Structures are given as structure tokens and as C-alpha cells.
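Notes for the one structure printed next.
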Amino acid sequence: MTVHALVVAAGKGVRAGGDLPKQYHDINGRPLLRHAIEALLAHPAIDGVTVVINPDDRALYDAAVAGLSLPAPVQGGATRQLSVRAGLEALVVAAPDIVMVHDAARAFVPATVIDALMAAMADAATIGAVPALPVTDSLRHGHTYFDGSVDRDGLQRVQTPQAFRFAAILAAHRAAACGATDELGIALAAGLRVAVSPGDERAFKVTEPADFAKAAAMTAPSLTSRAATGFDVHRFGPGDHVWLCGIKVPHSHGLVGHSDADVGLHAITDALLGTIGAGDIGDHFPPSDVRWKGAASDQFLAHAASLVRAAGGHIDHVDLTIICERPKVGPYRPAMRDRIAAILGVDVSRVSVKATTTEGLGFTGRSEGMAAQAIASVRLPA
Ligand code: MG
């Protein structure tokens, strides 16, 4: 049994906003039409997909389906019915056993809807099957004022794709008067018996501007959380300031290091590198490389952030603890947070800087050096 899908994408569909027909609106990097086509191509029962387009949109169509192997698009007509008719006529030579006529704006049809259609069509006596959902809201009649009730029992909200024996729906179309809004209408007018098949809310029709946000939320890539830590130490030496979180802080000593010895930025850099398993700061900026002698450490952190972003990641939060007896961090904390946020390109609310002493214990307690530890939280594509 051969099954071919016919996607109707000839409409001007600008009610959803802008001059671009809605089927060509971008939803998470792909036009709505491409989402619709890919959902159909992904189903093993469907052998091929032909799209009916407005010839004015040919360039948009070509861009939307780039890389997909589809038959040439069919030029649509002045009405939806004429467009579908043109599509059906284009399939006459191939003559599939079943055609599924589908609206491009119902771009997110789950496989289960197509499974159910195929199950209904497996009965040779079934001429057509159409997905539908029962009406659950109360129905009342009225224009300015309510004037009556409607019995919702047996009422169905009709979706697509609508599956038919190809020969039967072609004949019904050829015989039909203009004006039907879908194949179900034409089939019923022709006296064909059409089965009710389970629909799905996810097969909603993108119509209003708010539907694009819903579509974007449905197709957003799934992200997984990662957290990683970083730790760094530098020894005190001669000097009158230290660099800490990109801020020059006056002090009785300096910090000794190949770069500017900014323990804060180094710890955060290692934490970020850890979230993507990209080694440590020494791998990226080896102390043996003269380029990094005395280097400002903001470039190390910016590089780590760029690697996270290149991996499709979002930096959710960084939290740093600076460990020393002196200098006092508190007065510089706001400037440090601002600087880290600016280097990372995130809002300052996503940056935390804390400080602690070690109560005179250990190397930090003896003021031989300074330590910092950080944790970074990111989200990465799953
Ligand atoms: Mg270091």
C-alpha cells in the first residue's frame, strides 16, 4: 500500500502577522513548512511528500526544503480546494493507494495520529479517515448576545492530515463544487463514508501570532544542566596591588603568576571549561607560551564562555569564593560582579562573588597566597 502526503502551503496566511506567509515563518531555525514536511517524512508509512505552493513563494519554498529530496512543488490555485485539486492531479501518474492531505500550518503532527489513520485505512472498506478531537468546551449560539444552545454531543474538531483512497478523493474533487474547506467536506458531499480517527492537541493549526510562541516552545531544543568547579591558587610576592575578578585591588603585595595571576577569573574559567569537558586553563593558555606572560585574564574567561556558547550552551550562573585574610573583598564585590558579568555577557544577577578567611590557618591564613574556588552552572543541548 503506497501512501503519499500532499501538503497544502499555497495560502497567503498573513493573519498570524507580518507580510511573510505563516508557513515560511521561522520556528527555532526552520520554517513552519519544513517542520510539517519533516514530521510526515519521519513516519515510516509515508512514502513521499508533495507540496502545493503559491508560485510567488517559489524562492521561499526552495530555501525551506533545501536538502530534502521532494518531488517538484505543485502550483496552487485561487482557493484551497483548487490547490488540493491541482495537487491530486499531479499525483495521478504515481497514483498512490492512499493520499494524506495536510495543512502546512499543522506542522507538529505526532506519529500517533498517522498511526491511527493507517490503522483505520487498513480496513479495505474504509474510504477515508480524518483525525478529530471531541469538543469539550460548552457550545452556545450567539452574535452580540447569546441566543441559544448547541448540543456538543458528537461534535468533533477536525484536523489534518486527512487520509483517503486516492482514486475516491480524486473523483470527489473532480465532481465537487467550489467552496469546501477541507477534503472531509468534499468527501461527505460525495456521500463517502469517513471514519473518525483520534486527533491530537499537538496537531494544532498555527493561526494567530500567539501560536508562533507555542510552536517555538514545542520545538525548543531540550537542554540538560551541567555544573563544574574550578580552583586556583597564586602566591603573594612583591607589589602594591592584586588583580582580582578583573579589578585592580590595592594591597601590600602582588600575586605571582605567568599571567596577571587573577585567581578569581582563573577559577571561573576552569569551572566553565569543566562544564563542557574542555580541559583546563593550562591546556588553552599554557604558561610556556610567552603570549600569556602578564596577560590580562579576562581573555581567558571570555574564551571559555565562547566555547560554552559554541557548544550551544547557556551560562546560567557562576559562583565564586575568594579565600584570603587580606585584601578585603567586600568593598570591591559590586565592581567584581559587574566585571565578570560583562566578560561572560550575562546579567549580573547570574554572578555571585563571596569571600572567606581561613581563620589564620594554612597557607592562606599565613598570607602566603590567595585561593579561589568557583562553580559554574550551564545548560547544554541534550
Ligand atoms: Mg591561576
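For the C-alpha cells, the naming scheme is as follows: chains receive sequential letters (A, B, ...) according to their order of presentation, residues are indexed from 1 within each chain, and ligands are indexed from 1 in presentation order.
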Quick one: residues within 10 Å of stretch 60-68 of chain A, only C-alpha atoms, excluding same-chain residues fewer than 4 positions away - as a VMD selection string? chain A and resid 9 20 to 21 23 to 26 30 to 35 37 to 38 41 51 to 56 72 to 73
Would you mind exporting N, CA, C and O atoms of the selected residues as a short mmCIF file (atom, residue, chain, number, x, y, z; two decimals), in the first residue's frame?
data_model
loop_
_atom_site.label_atom_id
_atom_site.label_comp_id
_atom_site.auth_asym_id
_atom_site.auth_seq_id
_atom_site.Cartn_x
_atom_site.Cartn_y
_atom_site.Cartn_z
N ALA A 9 0.32 24.39 1.00
CA ALA A 9 1.07 25.54 1.54
C ALA A 9 0.94 26.73 0.60
O ALA A 9 1.84 27.58 0.52
N LEU A 20 5.11 37.99 5.59
CA LEU A 20 5.58 36.66 5.22
C LEU A 20 4.46 35.65 5.47
O LEU A 20 3.91 35.60 6.57
N PRO A 21 4.12 34.84 4.44
CA PRO A 21 3.11 33.81 4.70
C PRO A 21 3.55 32.94 5.88
O PRO A 21 4.72 32.60 6.01
N GLN A 23 3.49 29.95 6.74
CA GLN A 23 4.17 28.66 6.58
C GLN A 23 5.68 28.82 6.39
O GLN A 23 6.42 27.85 6.49
N TYR A 24 6.10 30.06 6.12
CA TYR A 24 7.54 30.31 5.96
C TYR A 24 8.16 31.01 7.16
O TYR A 24 9.34 31.34 7.15
N HIS A 25 7.37 31.22 8.21
CA HIS A 25 7.92 31.81 9.44
C HIS A 25 8.91 30.85 10.09
O HIS A 25 8.68 29.63 10.12
N ASP A 26 9.97 31.41 10.63
CA ASP A 26 11.00 30.59 11.27
C ASP A 26 10.55 30.16 12.68
O ASP A 26 10.12 30.98 13.48
N ARG A 30 13.93 26.63 11.69
CA ARG A 30 13.38 26.02 10.49
C ARG A 30 12.01 26.62 10.20
O ARG A 30 11.22 26.85 11.12
N PRO A 31 11.69 26.84 8.92
CA PRO A 31 10.36 27.37 8.61
C PRO A 31 9.27 26.38 9.04
O PRO A 31 9.49 25.16 9.05
N LEU A 32 8.11 26.95 9.37
CA LEU A 32 6.97 26.13 9.79
C LEU A 32 6.72 25.00 8.77
O LEU A 32 6.49 23.85 9.15
N LEU A 33 6.79 25.33 7.48
CA LEU A 33 6.54 24.33 6.43
C LEU A 33 7.50 23.15 6.54
O LEU A 33 7.11 22.00 6.37
N ARG A 34 8.75 23.45 6.84
CA ARG A 34 9.73 22.37 6.92
C ARG A 34 9.44 21.45 8.12
O ARG A 34 9.58 20.23 8.03
N HIS A 35 9.01 22.07 9.23
CA HIS A 35 8.59 21.23 10.37
C HIS A 35 7.48 20.28 9.93
O HIS A 35 7.49 19.09 10.28
N ILE A 37 6.72 19.17 6.90
CA ILE A 37 7.20 18.15 5.95
C ILE A 37 8.02 17.09 6.69
O ILE A 37 7.84 15.88 6.46
N GLU A 38 8.89 17.53 7.57
CA GLU A 38 9.76 16.57 8.27
C GLU A 38 8.96 15.64 9.18
O GLU A 38 9.31 14.47 9.32
N LEU A 41 7.67 13.07 6.69
CA LEU A 41 8.74 12.21 6.15
C LEU A 41 9.28 11.25 7.20
O LEU A 41 9.76 10.17 6.87
N VAL A 51 4.36 19.13 -2.12
CA VAL A 51 3.87 20.38 -1.54
C VAL A 51 3.22 21.22 -2.63
O VAL A 51 3.75 21.33 -3.74
N VAL A 52 2.07 21.78 -2.30
CA VAL A 52 1.38 22.71 -3.21
C VAL A 52 1.69 24.12 -2.72
O VAL A 52 1.45 24.44 -1.55
N ILE A 53 2.26 24.95 -3.60
CA ILE A 53 2.70 26.28 -3.18
C ILE A 53 2.09 27.36 -4.06
O ILE A 53 1.60 27.09 -5.16
N ASN A 54 2.16 28.57 -3.56
CA ASN A 54 1.87 29.75 -4.37
C ASN A 54 3.13 30.02 -5.19
O ASN A 54 4.21 30.14 -4.62
N PRO A 55 3.01 30.11 -6.53
CA PRO A 55 4.23 30.29 -7.34
C PRO A 55 5.03 31.54 -6.95
O PRO A 55 6.24 31.57 -7.13
N ASP A 56 4.35 32.53 -6.36
CA ASP A 56 5.07 33.73 -5.91
C ASP A 56 6.08 33.39 -4.82
O ASP A 56 7.02 34.15 -4.56
N ALA A 72 9.00 17.92 -7.40
CA ALA A 72 8.79 19.36 -7.67
C ALA A 72 7.48 19.81 -7.04
O ALA A 72 6.51 19.05 -7.01
N PRO A 73 7.44 21.03 -6.53
CA PRO A 73 6.19 21.53 -5.94
C PRO A 73 5.14 21.75 -7.02
O PRO A 73 5.46 21.93 -8.18
#
Write out as a ChimeraX atom specification each polymer residue (protein, DNA or RNA) that has an atom no more than 12 Å from ligand 1, with only C-alpha atoms and all ligand atoms counted. /A:230-235,243-245,255-270,280-282,285-287,292,294-297,300-301,369-373
List every residue of stretch 51-85 of chain A that has an atom at most 12 Å from any atom of stretch 162-184 of chain A, and for each one report the closest atom pair and its distance in Å to one decimal, counting only C-alpha atoms, with rows sorted by chain and then by increasing residue number, as a tab-separated table.
residue	atom	partner	partner_atom	distance
A:Gly77	CA	A:Cys178	CA	11.6
A:Ala78	CA	A:Cys178	CA	10.6
A:Thr79	CA	A:Gly179	CA	8.1
A:Arg80	CA	A:Thr181	CA	7.0
A:Gln81	CA	A:Ala180	CA	6.5
A:Leu82	CA	A:Cys178	CA	7.8
A:Ser83	CA	A:His173	CA	10.9
A:Val84	CA	A:Glu183	CA	8.5
A:Arg85	CA	A:His173	CA	6.3
Selection file, N, CA and C atoms, as a PDB file, in the first residue's frame:
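After the write, result_32.pdb holds the following:
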ATOM      1  N   GLY A  77      -3.893  26.903  -6.659  1.00  0.00           N
ATOM      2  CA  GLY A  77      -4.923  27.690  -7.320  1.00  0.00           C
ATOM      3  C   GLY A  77      -5.411  28.823  -6.443  1.00  0.00           C
ATOM      4  N   ALA A  78      -6.515  29.422  -6.845  1.00  0.00           N
ATOM      5  CA  ALA A  78      -7.029  30.612  -6.161  1.00  0.00           C
ATOM      6  C   ALA A  78      -7.660  30.275  -4.819  1.00  0.00           C
ATOM      7  N   THR A  79      -8.112  29.056  -4.656  1.00  0.00           N
ATOM      8  CA  THR A  79      -8.721  28.643  -3.385  1.00  0.00           C
ATOM      9  C   THR A  79      -8.010  27.398  -2.883  1.00  0.00           C
ATOM     10  N   ARG A  80      -8.259  27.082  -1.621  1.00  0.00           N
ATOM     11  CA  ARG A  80      -7.659  25.872  -1.064  1.00  0.00           C
ATOM     12  C   ARG A  80      -8.090  24.644  -1.857  1.00  0.00           C
ATOM     13  N   GLN A  81      -9.391  24.628  -2.191  1.00  0.00           N
ATOM     14  CA  GLN A  81      -9.902  23.453  -2.907  1.00  0.00           C
ATOM     15  C   GLN A  81      -9.200  23.277  -4.250  1.00  0.00           C
ATOM     16  N   LEU A  82      -8.998  24.393  -4.966  1.00  0.00           N
ATOM     17  CA  LEU A  82      -8.315  24.316  -6.267  1.00  0.00           C
ATOM     18  C   LEU A  82      -6.857  23.902  -6.093  1.00  0.00           C
ATOM     19  N   SER A  83      -6.261  24.348  -4.991  1.00  0.00           N
ATOM     20  CA  SER A  83      -4.870  23.964  -4.737  1.00  0.00           C
ATOM     21  C   SER A  83      -4.760  22.464  -4.491  1.00  0.00           C
ATOM     22  N   VAL A  84      -5.673  21.931  -3.682  1.00  0.00           N
ATOM     23  CA  VAL A  84      -5.629  20.485  -3.415  1.00  0.00           C
ATOM     24  C   VAL A  84      -5.917  19.711  -4.700  1.00  0.00           C
ATOM     25  N   ARG A  85      -6.876  20.196  -5.456  1.00  0.00           N
ATOM     26  CA  ARG A  85      -7.201  19.539  -6.725  1.00  0.00           C
ATOM     27  C   ARG A  85      -5.962  19.474  -7.618  1.00  0.00           C
TER      28      ARG A  85
END
Secondary structure check, alpha helix (DSSP H) residues of stretch 26-202 of chain A, as a ChimeraX atom specification: /A:32-41,58-64,80-90,111-121,166-175,183-189
Could you give me, as a ChimeraX atom specification, each residue of stretch 21-225 of chain A that DSSP assigns to strand (DSSP E or B) when run on this structure's backbone? /A:26-27,30-31,48-53,74-75,98-103,128-134,140-142,146-149,156-158,162-165,194-198,223-225
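Straight-line separation from atom CA of A:Val99 to atom CA of A:Ala120: 13.5 Å.
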Using only C-alpha atoms, pick whichever of A:Val308, A:Ala5, A:Val196, A:Val329 has the shortest atom-to-atom distance to A:Gly48.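 Once distances to A:Gly48 are computed over only C-alpha atoms, the minimum belongs to A:Ala5.
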Taking only C-alpha atoms into account, which of A:Asp137, A:Asp115, A:Asp211, A:Asp147 comes nearest A:Pro198?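 Checking each candidate against A:Pro198, we get A:Asp115 as the closest.
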With distances taken over only C-alpha atoms, the candidate from A:Val249, A:Pro110, A:Pro131, A:His4 nearest A:Asp97 is A:His4
Residues within 12 Å of A:Leu223, please, as an MDAnalysis selection string. Count only C-alpha atoms; anything in the same chain fewer than 2 positions from it doesn't count. chainID A and resid 219:221 225:226 311:316 378:382
Computed interatomic separation between atom CA of A:Leu133 and atom CA of A:Ser197 (Å):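 Interatomic distance, atom CA of A:Leu133 to atom CA of A:Ser197: 8.5 Å.
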Can you pull out every residue within 9 Å of A:Ala195, counting only C-alpha atoms, but drop anything in the same chain fewer than 2 positions away, and send it as a list in words? Leu117, Ala120, Met121, Thr126, Ile127, Gly128, Ala129, Val130, Pro131, Arg193 and Ser197 of chain A
May I ask for the distance between atom CA of A:Phe108 and atom CA of A:Leu192, given in Å to one decimal place? 27.8 Å
Point out the residue among A:Val348, A:Ala10, A:Leu40, A:Ala302 with the least atom-to-atom distance to A:Arg58, counting only C-alpha atoms.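 Between A:Val348, A:Ala10, A:Leu40, A:Ala302, the residue approaching A:Arg58 most closely is A:Ala10.
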